[in-house]
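Chemist: You'll find structure-v4.tsv just under this line, and it carries TSV, C-alpha atoms and all ligand atoms.
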```tsv
chain	number	residue	atom	x	y	z
Y	1	MET	CA	119.98	117.63	90.63
Y	2	LYS	CA	117.80	119.86	88.46
Y	3	PRO	CA	114.54	118.93	86.74
Y	4	LYS	CA	115.12	118.14	83.06
Y	5	PHE	CA	112.07	120.10	81.93
Y	6	LYS	CA	110.72	123.48	82.94
Y	7	ARG	CA	107.15	123.14	81.69
Y	8	VAL	CA	105.56	119.77	81.16
Y	9	MET	CA	102.28	118.35	79.95
Y	10	LEU	CA	101.40	115.19	81.84
Y	11	LYS	CA	98.85	112.94	80.16
Y	12	ILE	CA	97.29	110.42	82.51
Y	13	SER	CA	94.80	108.00	81.02
Y	14	GLY	CA	91.57	107.24	82.82
Y	15	GLU	CA	92.97	103.81	83.61
Y	16	GLY	CA	95.90	105.51	85.34
Y	17	LEU	CA	93.49	107.00	87.88
Y	18	ALA	CA	91.59	103.80	88.47
Y	19	GLY	CA	92.25	100.99	90.90
Y	20	ALA	CA	93.22	97.45	90.03
Y	21	ASP	CA	90.03	96.72	88.05
Y	22	GLY	CA	90.70	99.63	85.66
Y	23	SER	CA	87.45	101.46	86.32
Y	24	GLY	CA	86.31	104.33	88.51
Y	25	ILE	CA	88.62	106.56	90.55
Y	26	ASP	CA	90.95	105.18	93.20
Y	27	ALA	CA	91.57	107.68	96.00
Y	28	GLU	CA	94.93	106.16	96.88
Y	29	VAL	CA	96.15	106.35	93.26
Y	30	ILE	CA	95.02	109.97	92.97
Y	31	THR	CA	96.76	110.86	96.23
Y	32	LYS	CA	100.04	109.35	95.00
Y	33	ILE	CA	99.81	111.41	91.82
Y	34	ALA	CA	98.91	114.59	93.74
Y	35	LEU	CA	101.87	114.20	96.10
Y	36	GLN	CA	104.23	113.98	93.13
Y	37	ILE	CA	102.65	116.99	91.43
Y	38	ASN	CA	103.12	118.85	94.70
Y	39	GLU	CA	106.80	117.93	94.84
Y	40	LEU	CA	107.40	119.04	91.26
Y	41	HIS	CA	105.45	122.26	91.81
Y	42	GLN	CA	107.59	123.01	94.87
Y	43	ASP	CA	110.67	122.39	92.70
Y	44	GLY	CA	109.47	125.09	90.31
Y	45	VAL	CA	108.31	122.83	87.47
Y	46	GLN	CA	105.33	124.28	85.61
Y	47	ILE	CA	102.74	121.55	85.23
Y	48	CYS	CA	99.86	121.01	82.86
Y	49	ILE	CA	97.76	117.86	83.18
Y	50	VAL	CA	95.33	116.18	80.83
Y	51	ALA	CA	93.25	113.36	82.25
Y	52	GLY	CA	91.63	110.77	80.03
Y	53	GLY	CA	88.20	109.29	80.63
Y	54	GLY	CA	88.55	105.64	79.70
Y	55	ASN	CA	88.01	104.51	83.30
Y	56	PHE	CA	84.39	105.62	82.83
Y	57	PHE	CA	83.59	105.75	79.12
Y	58	ARG	CA	85.12	105.59	75.66
Y	59	GLY	CA	83.01	106.89	72.79
Y	60	ALA	CA	84.35	104.61	70.05
Y	61	LYS	CA	83.43	101.50	72.05
Y	62	SER	CA	79.82	102.59	72.48
Y	63	VAL	CA	78.72	103.14	68.90
Y	64	CYS	CA	77.88	99.42	68.61
Y	65	THR	CA	75.03	100.09	71.03
Y	66	GLY	CA	73.42	102.27	68.34
Y	67	MET	CA	74.38	105.52	70.06
Y	68	ASP	CA	75.50	108.30	67.75
Y	69	ARG	CA	79.28	108.62	67.96
Y	70	SER	CA	79.10	112.35	68.67
Y	71	VAL	CA	76.85	111.71	71.66
Y	72	ALA	CA	79.05	108.84	72.86
Y	73	ASP	CA	82.08	111.11	72.63
Y	74	GLN	CA	80.28	113.80	74.60
Y	75	ILE	CA	79.80	111.25	77.37
Y	76	GLY	CA	83.51	110.39	77.09
Y	77	MET	CA	84.47	114.05	77.34
Y	78	LEU	CA	82.28	114.45	80.43
Y	79	ALA	CA	84.10	111.47	81.93
Y	80	THR	CA	87.37	113.40	81.56
Y	81	VAL	CA	85.80	116.28	83.47
Y	82	MET	CA	84.98	113.94	86.35
Y	83	ASN	CA	88.58	112.77	86.48
Y	84	ALA	CA	89.83	116.34	86.30
Y	85	MET	CA	87.64	117.32	89.25
Y	86	ALA	CA	88.93	114.39	91.31
Y	87	LEU	CA	92.51	115.42	90.60
Y	88	LYS	CA	91.70	119.04	91.36
Y	89	SER	CA	90.25	118.11	94.71
Y	90	ALA	CA	93.34	116.07	95.65
Y	91	LEU	CA	95.68	118.89	94.60
Y	92	GLU	CA	93.66	121.50	96.46
Y	93	GLY	CA	93.96	119.33	99.55
Y	94	LEU	CA	97.71	119.92	99.30
Y	95	LEU	CA	97.15	123.68	98.89
Y	96	ILE	CA	98.51	123.71	95.34
Y	97	PRO	CA	97.12	126.62	93.27
Y	98	ILE	CA	95.13	124.91	90.56
Y	99	LYS	CA	92.84	125.80	87.67
Y	100	VAL	CA	90.71	123.46	85.59
Y	101	PHE	CA	89.84	124.48	82.03
Y	102	SER	CA	87.45	122.42	79.98
Y	103	GLY	CA	87.18	122.14	76.22
Y	104	ILE	CA	83.46	121.47	76.63
Y	105	ARG	CA	81.35	123.88	78.60
Y	106	VAL	CA	80.47	122.72	82.11
Y	107	PRO	CA	80.32	126.19	83.66
Y	108	GLN	CA	79.03	125.16	87.06
Y	109	VAL	CA	81.96	122.82	87.47
Y	110	CYS	CA	85.03	124.43	85.89
Y	111	ASP	CA	86.18	127.25	83.64
Y	112	ASP	CA	85.80	127.11	79.86
Y	113	TYR	CA	89.13	126.72	78.11
Y	114	THR	CA	90.43	129.84	76.46
Y	115	PHE	CA	94.03	130.28	75.50
Y	116	LYS	CA	94.06	133.71	77.11
Y	117	GLU	CA	92.76	132.56	80.51
Y	118	ALA	CA	94.90	129.45	80.58
Y	119	SER	CA	98.07	131.37	79.70
Y	120	ARG	CA	97.32	133.90	82.43
Y	121	ALA	CA	96.69	131.14	84.97
Y	122	MET	CA	99.99	129.52	84.00
Y	123	LEU	CA	101.89	132.80	84.44
Y	124	ASP	CA	100.19	133.21	87.83
Y	125	GLY	CA	101.84	129.99	88.98
Y	126	ASN	CA	98.89	127.61	88.85
Y	127	VAL	CA	98.99	123.95	88.00
Y	128	LEU	CA	96.61	123.61	85.05
Y	129	ILE	CA	94.28	120.69	84.39
Y	130	PHE	CA	92.74	120.52	80.94
Y	131	ALA	CA	89.47	118.60	80.85
Y	132	GLY	CA	87.14	117.74	77.99
Y	133	GLY	CA	89.92	116.80	75.57
Y	134	THR	CA	89.81	118.94	72.44
Y	135	GLY	CA	86.11	119.68	73.03
Y	136	SER	CA	85.21	117.90	69.79
Y	137	PRO	CA	84.09	114.33	69.10
Y	138	TYR	CA	86.17	111.86	67.09
Y	139	PHE	CA	89.31	112.86	68.99
Y	140	THR	CA	91.06	111.40	72.01
Y	141	THR	CA	92.66	112.92	75.06
Y	142	ASP	CA	96.09	112.07	73.62
Y	143	THR	CA	95.30	114.58	70.92
Y	144	GLY	CA	93.86	117.00	73.48
Y	145	ALA	CA	97.10	116.69	75.45
Y	146	ALA	CA	99.25	117.31	72.36
Y	147	LEU	CA	97.11	120.31	71.39
Y	148	ARG	CA	97.20	121.95	74.83
Y	149	ALA	CA	100.90	121.14	75.24
Y	150	ILE	CA	101.64	122.96	72.00
Y	151	GLU	CA	99.41	125.90	72.90
Y	152	MET	CA	100.98	126.19	76.37
Y	153	HIS	CA	104.51	125.87	74.95
Y	154	CYS	CA	105.34	122.85	77.07
Y	155	ASP	CA	108.84	121.40	76.71
Y	156	ILE	CA	107.52	117.86	76.53
Y	157	LEU	CA	104.37	115.77	76.48
Y	158	MET	CA	104.78	113.03	79.09
Y	159	LYS	CA	102.38	110.16	78.60
Y	160	ALA	CA	102.06	107.97	81.68
Y	161	THR	CA	101.05	104.45	80.66
Y	162	GLN	CA	101.10	100.89	81.96
Y	163	VAL	CA	104.31	100.19	80.00
Y	164	ASP	CA	107.72	101.83	80.54
Y	165	GLY	CA	108.29	102.90	76.96
Y	166	VAL	CA	107.92	101.98	73.31
Y	167	TYR	CA	108.89	98.40	72.40
Y	168	ASP	CA	109.49	96.73	69.06
Y	169	ALA	CA	106.87	94.14	70.08
Y	170	ASP	CA	104.31	93.87	72.89
Y	171	PRO	CA	106.45	93.15	76.01
Y	172	ARG	CA	103.45	91.58	77.73
Y	173	ILE	CA	103.34	88.93	74.99
Y	174	ASN	CA	106.92	88.74	73.74
Y	175	PRO	CA	109.60	88.46	76.49
Y	176	ASN	CA	112.30	89.33	73.91
Y	177	ALA	CA	110.70	92.66	73.02
Y	178	GLU	CA	113.21	95.50	73.16
Y	179	ARG	CA	112.54	98.99	74.40
Y	180	TYR	CA	113.64	101.99	72.34
Y	181	ASP	CA	115.43	104.73	74.29
Y	182	THR	CA	114.50	107.13	71.51
Y	183	ILE	CA	112.47	106.74	68.35
Y	184	THR	CA	111.32	109.19	65.70
Y	185	PHE	CA	107.74	110.23	65.04
Y	186	SER	CA	108.09	108.88	61.48
Y	187	GLU	CA	109.07	105.44	62.79
Y	188	VAL	CA	106.15	105.40	65.22
Y	189	LEU	CA	103.80	106.27	62.35
Y	190	ALA	CA	105.39	103.88	59.84
Y	191	LYS	CA	105.44	100.94	62.26
Y	192	HIS	CA	101.93	101.73	63.56
Y	193	LEU	CA	103.24	101.56	67.12
Y	194	ASN	CA	100.20	101.94	69.26
Y	195	VAL	CA	101.69	104.15	71.96
Y	196	LEU	CA	100.00	107.44	71.27
Y	197	ASP	CA	97.01	108.33	69.12
Y	198	MET	CA	98.21	108.85	65.54
Y	199	THR	CA	96.67	112.34	65.31
Y	200	ALA	CA	98.62	113.29	68.44
Y	201	VAL	CA	101.82	111.88	66.91
Y	202	SER	CA	101.35	113.97	63.77
Y	203	MET	CA	100.61	117.11	65.76
Y	204	ALA	CA	103.61	116.64	68.03
Y	205	GLU	CA	105.86	116.01	65.04
Y	206	ALA	CA	104.63	119.13	63.23
Y	207	ALA	CA	105.19	121.26	66.34
Y	208	ASP	CA	108.50	119.56	67.22
Y	209	LEU	CA	107.12	118.64	70.64
Y	210	PRO	CA	109.01	115.66	72.11
Y	211	VAL	CA	106.89	112.95	73.70
Y	212	MET	CA	107.96	110.76	76.59
Y	213	ILE	CA	106.32	107.39	77.20
Y	214	PHE	CA	106.86	106.09	80.73
Y	215	ALA	CA	105.16	103.84	83.25
Y	216	LEU	CA	102.96	105.26	85.96
Y	217	ASN	CA	103.90	103.08	88.89
Y	218	GLY	CA	105.23	103.36	92.39
Y	219	GLU	CA	105.48	106.49	94.46
Y	220	LYS	CA	107.95	108.42	92.36
Y	221	SER	CA	107.62	107.63	88.65
Y	222	ILE	CA	106.31	111.06	87.63
Y	223	VAL	CA	108.94	112.95	89.63
Y	224	ASP	CA	111.71	110.65	88.39
Y	225	ALA	CA	110.52	111.04	84.80
Y	226	VAL	CA	110.73	114.84	85.06
Y	227	TYR	CA	114.23	114.52	86.53
Y	228	GLY	CA	115.27	112.18	83.70
Y	229	LYS	CA	115.76	109.25	86.08
Y	230	GLU	CA	112.88	107.04	84.93
Y	231	LYS	CA	113.04	104.32	82.29
Y	232	CYS	CA	111.23	105.68	79.25
Y	233	THR	CA	111.20	106.22	75.50
Y	234	ILE	CA	111.48	109.67	73.99
Y	235	ILE	CA	109.76	110.18	70.66
Y	236	LYS	CA	111.28	113.05	68.73
Y	237	LYS	CA	111.82	114.44	65.25
Y	238	GLN	CA	115.35	113.17	64.48
E	301	LIG	N1	86.87	112.39	73.71
E	301	LIG	C1	86.42	113.14	72.63
E	301	LIG	N2	87.18	114.17	72.20
E	301	LIG	C2	88.36	114.50	72.73
E	301	LIG	C3	88.84	113.73	73.81
E	301	LIG	C4	88.08	112.68	74.28
E	301	LIG	O1	85.34	112.88	72.11
E	301	LIG	O2	89.00	115.46	72.27
E	301	LIG	C5	86.01	111.32	74.26
E	301	LIG	C6	86.13	110.01	73.49
E	301	LIG	O3	84.86	109.38	73.51
E	301	LIG	C7	87.10	109.21	74.33
E	301	LIG	C8	86.72	109.63	75.72
E	301	LIG	O4	86.40	111.03	75.59
E	301	LIG	O5	86.99	107.82	74.15
E	301	LIG	C9	87.76	109.44	76.78
E	301	LIG	O6	89.02	109.88	76.29
E	301	LIG	P1	90.21	108.84	76.00
E	301	LIG	O7	89.65	107.63	75.34
E	301	LIG	O8	91.27	109.57	75.27
E	301	LIG	O9	90.66	108.50	77.48
E	301	LIG	P2	91.88	107.60	78.01
E	301	LIG	O10	92.04	106.45	77.05
E	301	LIG	O11	93.10	108.47	77.98
E	301	LIG	O12	91.48	107.21	79.38
```
If you convert what's in this file into structure tokens, what do you get?
Modeler:
Amino acid sequence: MKPKFKRVMLKISGEGLAGADGSGIDAEVITKIALQINELHQDGVQICIVAGGGNFFRGAKSVCTGMDRSVADQIGMLATVMNAMALKSALEGLLIPIKVFSGIRVPQVCDDYTFKEASRAMLDGNVLIFAGGTGSPYFTTDTGAALRAIEMHCDILMKATQVDGVYDADPRINPNAERYDTITFSEVLAKHLNVLDMTAVSMAEAADLPVMIFALNGEKSIVDAVYGKEKCTIIKKQ
């Protein structure tokens, strides 16, 4: 069986890297992700990764403390760099060629993002991790993932979440909620389905970049999702 996608952008939220309590970095969780990235890399899939930062800090939640939102978001973006470095370390442990590019400058830690350098690193066969989101406040890493996926010409943006797709109601509350196999960007926007940041939805729609929503669980969900074997919802234009 062949992978369904040649070049993918994998968005993992901060929570997806954390342990059961949803905060910090869980070494076992990171190892499971790294092993799957390794398998896909060996299978010839070109992989870009964006890590969120919500396991450490979310800017929007901190403005109530009186902190300026731009400063709070800088802290959030630095949190994504920490997650990126943890992932990098796990991938390096498996001898996977890997480059981390950050949208905010942290030169002692990782390379600054430039389209030119990232494209070159991709052509050289590296797995790419994009840290720092878009590099600007008032955005999220969903939007950073959509942006970098479009720039890197990824075939799909795969968002790993706690839920295995987009439902017509919250499946954790409503047992009769039904999962969509596919749904359009317009429907997601019109129904305010909270599965991906709205800015990211608009960007993906404009660039005709399909988005997959799937659950990050077990040992194989990322690999299975790339091979089209995982339960998911695909958000697309028509
Ligand atoms: N952030 C930002 N600009 C970006 C991406 C992220 O300012 O382009 C900040 C923002 O404060 C956000 C935090 O980084 O809350 C962590 O990102 P996000 O909330 O998207 O992480 P996730 O929910 O995916 O863990």
Chemist: What do you get as a PyMOL selection string if you pick all residues at most 8 Å from ligand LIG 301 (chain E), counting all atoms listed in the file?
Modeler: chain Y and resi 11-16+51-61+69-70+72-80+103+132-144
Chemist: Need the shell around stretch 155-157 of chain Y: protein/DNA/RNA residues with any atom at most 6 Å away, counting only C-alpha atoms. Skip same-chain ones fewer than 4 positions apart. Format as an NGL selection string?
Modeler: :Y and (7-9 or 209-211)
Chemist: Specify the axis-aligned box that encloses all atoms of stretch 60-72 of chain Y listed in the file after padding of 4 Å on each side, stating its centre and edge lengths in Å to one decimal as JSON.
Modeler:
```
{"center_x": 78.9, "center_y": 105.9, "center_z": 70.3, "size_x": 18.9, "size_y": 20.9, "size_z": 13.1}
```
Chemist: Using only C-alpha atoms, can you tell me which of Y:Pro3, Y:Asn38, Y:Leu147, Y:Val188 comes closest to Y:Gly228?
Modeler: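 Among Y:Pro3, Y:Asn38, Y:Leu147, Y:Val188, it is Y:Pro3 that comes nearest to Y:Gly228.
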Chemist: Select, from Y:Phe185, Y:Phe130, Y:Tyr180, Y:Phe101, the residue with the minimum atom-to-atom distance to Y:Gly165, counting only C-alpha atoms.
Modeler: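 Among the listed residues, the smallest separation from Y:Gly165 belongs to Y:Tyr180.
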Chemist: Would you work out the distance separating atom CA of Y:Asp224 from atom CA of Y:Asn176, expressed in Å to one decimal?
Modeler: 25.8 Å
Chemist: From the set Y:Ile183, Y:Leu123, Y:Leu193, Y:Ala146, which residue has the shortest atom-to-atom contact distance to Y:Ile234, counting all atoms listed in the file?
Modeler: Y:Ile183
Chemist: At what distance in Å, to one decimal, does atom CA of Y:Ala86 lie from atom CA of Y:Val166?
Modeler: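 Computed distance, atom CA of Y:Val166 to atom CA of Y:Ala86, equals 29.0 Å.
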Chemist: Counting only C-alpha atoms, which residue out of Y:Asn83, Y:Glu205, Y:His41, Y:Asp124 sits closest to Y:Ser23?
Modeler: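 The answer is Y:Asn83, which sits nearest to Y:Ser23.
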Chemist: Please indicate the distance in Å from atom CA of Y:Lys237 to atom CA of Y:Ala169, rounded to one decimal place.
Modeler: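 Atom CA of Y:Ala169 lies 21.4 Å from atom CA of Y:Lys237.
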Chemist: Between Y:Phe214, Y:Lys4, Y:Ala90, Y:Arg120, which is the closest to Y:Glu28 once you count all atoms listed in the file?
Modeler: Y:Ala90
Chemist: May I ask which of the residues Y:Ser186, Y:Asn126, Y:Thr114, Y:Thr65 is the closest one to Y:Glu92, counting all atoms listed in the file?
Modeler: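 The closest residue to Y:Glu92 is Y:Asn126.
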Chemist: If you count all atoms listed in the file, which residues fall within 12 Å of Y:Ala190, apart from same-chain ones fewer than 6 positions away, as a PyMOL selection string?
Modeler: chain Y and resi 183-184+198+201-202
Chemist: Rebuild stretch 188-220 of chain Y to N, CA and C atoms - output it as a PDB file, in the coordinates of the input, please.
Modeler:
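Wrote selection30.pdb, looks like this:
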```pdb
ATOM      1  N   VAL Y 188     107.370 105.772  64.486  1.00  0.00           N
ATOM      2  CA  VAL Y 188     106.150 105.400  65.220  1.00  0.00           C
ATOM      3  C   VAL Y 188     104.974 105.301  64.252  1.00  0.00           C
ATOM      4  N   LEU Y 189     104.905 106.281  63.330  1.00  0.00           N
ATOM      5  CA  LEU Y 189     103.800 106.270  62.350  1.00  0.00           C
ATOM      6  C   LEU Y 189     103.960 105.099  61.379  1.00  0.00           C
ATOM      7  N   ALA Y 190     105.172 104.923  60.856  1.00  0.00           N
ATOM      8  CA  ALA Y 190     105.390 103.880  59.840  1.00  0.00           C
ATOM      9  C   ALA Y 190     105.150 102.486  60.409  1.00  0.00           C
ATOM     10  N   LYS Y 191     105.569 102.280  61.663  1.00  0.00           N
ATOM     11  CA  LYS Y 191     105.440 100.940  62.260  1.00  0.00           C
ATOM     12  C   LYS Y 191     104.097 100.758  62.983  1.00  0.00           C
ATOM     13  N   HIS Y 192     103.246 101.772  62.902  1.00  0.00           N
ATOM     14  CA  HIS Y 192     101.930 101.730  63.560  1.00  0.00           C
ATOM     15  C   HIS Y 192     102.065 101.315  65.032  1.00  0.00           C
ATOM     16  N   LEU Y 193     103.041 101.894  65.709  1.00  0.00           N
ATOM     17  CA  LEU Y 193     103.240 101.560  67.120  1.00  0.00           C
ATOM     18  C   LEU Y 193     102.145 102.251  67.929  1.00  0.00           C
ATOM     19  N   ASN Y 194     101.419 101.441  68.636  1.00  0.00           N
ATOM     20  CA  ASN Y 194     100.200 101.940  69.260  1.00  0.00           C
ATOM     21  C   ASN Y 194     100.473 102.553  70.634  1.00  0.00           C
ATOM     22  N   VAL Y 195     101.300 103.597  70.666  1.00  0.00           N
ATOM     23  CA  VAL Y 195     101.690 104.150  71.960  1.00  0.00           C
ATOM     24  C   VAL Y 195     101.045 105.497  72.238  1.00  0.00           C
ATOM     25  N   LEU Y 196     100.622 106.117  71.172  1.00  0.00           N
ATOM     26  CA  LEU Y 196     100.000 107.440  71.270  1.00  0.00           C
ATOM     27  C   LEU Y 196      99.098 107.531  70.042  1.00  0.00           C
ATOM     28  N   ASP Y 197      97.935 108.133  70.232  1.00  0.00           N
ATOM     29  CA  ASP Y 197      97.010 108.330  69.120  1.00  0.00           C
ATOM     30  C   ASP Y 197      97.751 108.942  67.910  1.00  0.00           C
ATOM     31  N   MET Y 198      97.469 108.428  66.727  1.00  0.00           N
ATOM     32  CA  MET Y 198      98.210 108.850  65.540  1.00  0.00           C
ATOM     33  C   MET Y 198      98.052 110.354  65.234  1.00  0.00           C
ATOM     34  N   THR Y 199      96.873 110.894  65.529  1.00  0.00           N
ATOM     35  CA  THR Y 199      96.670 112.340  65.310  1.00  0.00           C
ATOM     36  C   THR Y 199      97.605 113.123  66.237  1.00  0.00           C
ATOM     37  N   ALA Y 200      97.726 112.633  67.471  1.00  0.00           N
ATOM     38  CA  ALA Y 200      98.620 113.290  68.440  1.00  0.00           C
ATOM     39  C   ALA Y 200     100.069 113.195  67.974  1.00  0.00           C
ATOM     40  N   VAL Y 201     100.448 112.039  67.414  1.00  0.00           N
ATOM     41  CA  VAL Y 201     101.820 111.880  66.910  1.00  0.00           C
ATOM     42  C   VAL Y 201     102.098 112.906  65.822  1.00  0.00           C
ATOM     43  N   SER Y 202     101.159 113.020  64.886  1.00  0.00           N
ATOM     44  CA  SER Y 202     101.350 113.970  63.770  1.00  0.00           C
ATOM     45  C   SER Y 202     101.447 115.406  64.272  1.00  0.00           C
ATOM     46  N   MET Y 203     100.586 115.734  65.236  1.00  0.00           N
ATOM     47  CA  MET Y 203     100.610 117.110  65.760  1.00  0.00           C
ATOM     48  C   MET Y 203     101.923 117.398  66.473  1.00  0.00           C
ATOM     49  N   ALA Y 204     102.365 116.445  67.278  1.00  0.00           N
ATOM     50  CA  ALA Y 204     103.610 116.640  68.030  1.00  0.00           C
ATOM     51  C   ALA Y 204     104.786 116.758  67.061  1.00  0.00           C
ATOM     52  N   GLU Y 205     104.766 115.946  66.023  1.00  0.00           N
ATOM     53  CA  GLU Y 205     105.860 116.010  65.040  1.00  0.00           C
ATOM     54  C   GLU Y 205     105.876 117.386  64.364  1.00  0.00           C
ATOM     55  N   ALA Y 206     104.696 117.841  63.936  1.00  0.00           N
ATOM     56  CA  ALA Y 206     104.630 119.130  63.230  1.00  0.00           C
ATOM     57  C   ALA Y 206     105.092 120.275  64.130  1.00  0.00           C
ATOM     58  N   ALA Y 207     104.826 120.169  65.423  1.00  0.00           N
ATOM     59  CA  ALA Y 207     105.190 121.260  66.340  1.00  0.00           C
ATOM     60  C   ALA Y 207     106.557 121.023  66.995  1.00  0.00           C
ATOM     61  N   ASP Y 208     107.212 119.907  66.622  1.00  0.00           N
ATOM     62  CA  ASP Y 208     108.500 119.560  67.220  1.00  0.00           C
ATOM     63  C   ASP Y 208     108.399 119.469  68.749  1.00  0.00           C
ATOM     64  N   LEU Y 209     107.339 118.838  69.205  1.00  0.00           N
ATOM     65  CA  LEU Y 209     107.120 118.640  70.640  1.00  0.00           C
ATOM     66  C   LEU Y 209     107.531 117.209  70.999  1.00  0.00           C
ATOM     67  N   PRO Y 210     108.626 117.029  71.746  1.00  0.00           N
ATOM     68  CA  PRO Y 210     109.010 115.660  72.110  1.00  0.00           C
ATOM     69  C   PRO Y 210     107.961 115.011  73.019  1.00  0.00           C
ATOM     70  N   VAL Y 211     107.859 113.701  72.891  1.00  0.00           N
ATOM     71  CA  VAL Y 211     106.890 112.950  73.700  1.00  0.00           C
ATOM     72  C   VAL Y 211     107.649 111.891  74.490  1.00  0.00           C
ATOM     73  N   MET Y 212     107.359 111.815  75.759  1.00  0.00           N
ATOM     74  CA  MET Y 212     107.960 110.760  76.590  1.00  0.00           C
ATOM     75  C   MET Y 212     106.884 109.733  76.932  1.00  0.00           C
ATOM     76  N   ILE Y 213     107.224 108.459  76.766  1.00  0.00           N
ATOM     77  CA  ILE Y 213     106.320 107.390  77.200  1.00  0.00           C
ATOM     78  C   ILE Y 213     106.984 106.723  78.405  1.00  0.00           C
ATOM     79  N   PHE Y 214     106.292 106.716  79.535  1.00  0.00           N
ATOM     80  CA  PHE Y 214     106.860 106.090  80.730  1.00  0.00           C
ATOM     81  C   PHE Y 214     105.749 105.412  81.524  1.00  0.00           C
ATOM     82  N   ALA Y 215     106.154 104.585  82.475  1.00  0.00           N
ATOM     83  CA  ALA Y 215     105.160 103.840  83.250  1.00  0.00           C
ATOM     84  C   ALA Y 215     104.772 104.583  84.517  1.00  0.00           C
ATOM     85  N   LEU Y 216     103.468 104.653  84.731  1.00  0.00           N
ATOM     86  CA  LEU Y 216     102.960 105.260  85.960  1.00  0.00           C
ATOM     87  C   LEU Y 216     102.908 104.162  87.017  1.00  0.00           C
ATOM     88  N   ASN Y 217     103.951 104.075  87.817  1.00  0.00           N
ATOM     89  CA  ASN Y 217     103.900 103.080  88.890  1.00  0.00           C
ATOM     90  C   ASN Y 217     104.741 103.553  90.061  1.00  0.00           C
ATOM     91  N   GLY Y 218     104.473 102.996  91.199  1.00  0.00           N
ATOM     92  CA  GLY Y 218     105.230 103.360  92.390  1.00  0.00           C
ATOM     93  C   GLY Y 218     104.914 104.757  92.873  1.00  0.00           C
ATOM     94  N   GLU Y 219     105.738 105.204  93.798  1.00  0.00           N
ATOM     95  CA  GLU Y 219     105.480 106.490  94.460  1.00  0.00           C
ATOM     96  C   GLU Y 219     106.129 107.643  93.730  1.00  0.00           C
ATOM     97  N   LYS Y 220     107.062 107.363  92.837  1.00  0.00           N
ATOM     98  CA  LYS Y 220     107.950 108.420  92.360  1.00  0.00           C
ATOM     99  C   LYS Y 220     108.077 108.506  90.844  1.00  0.00           C
TER     100      LYS Y 220
END
```
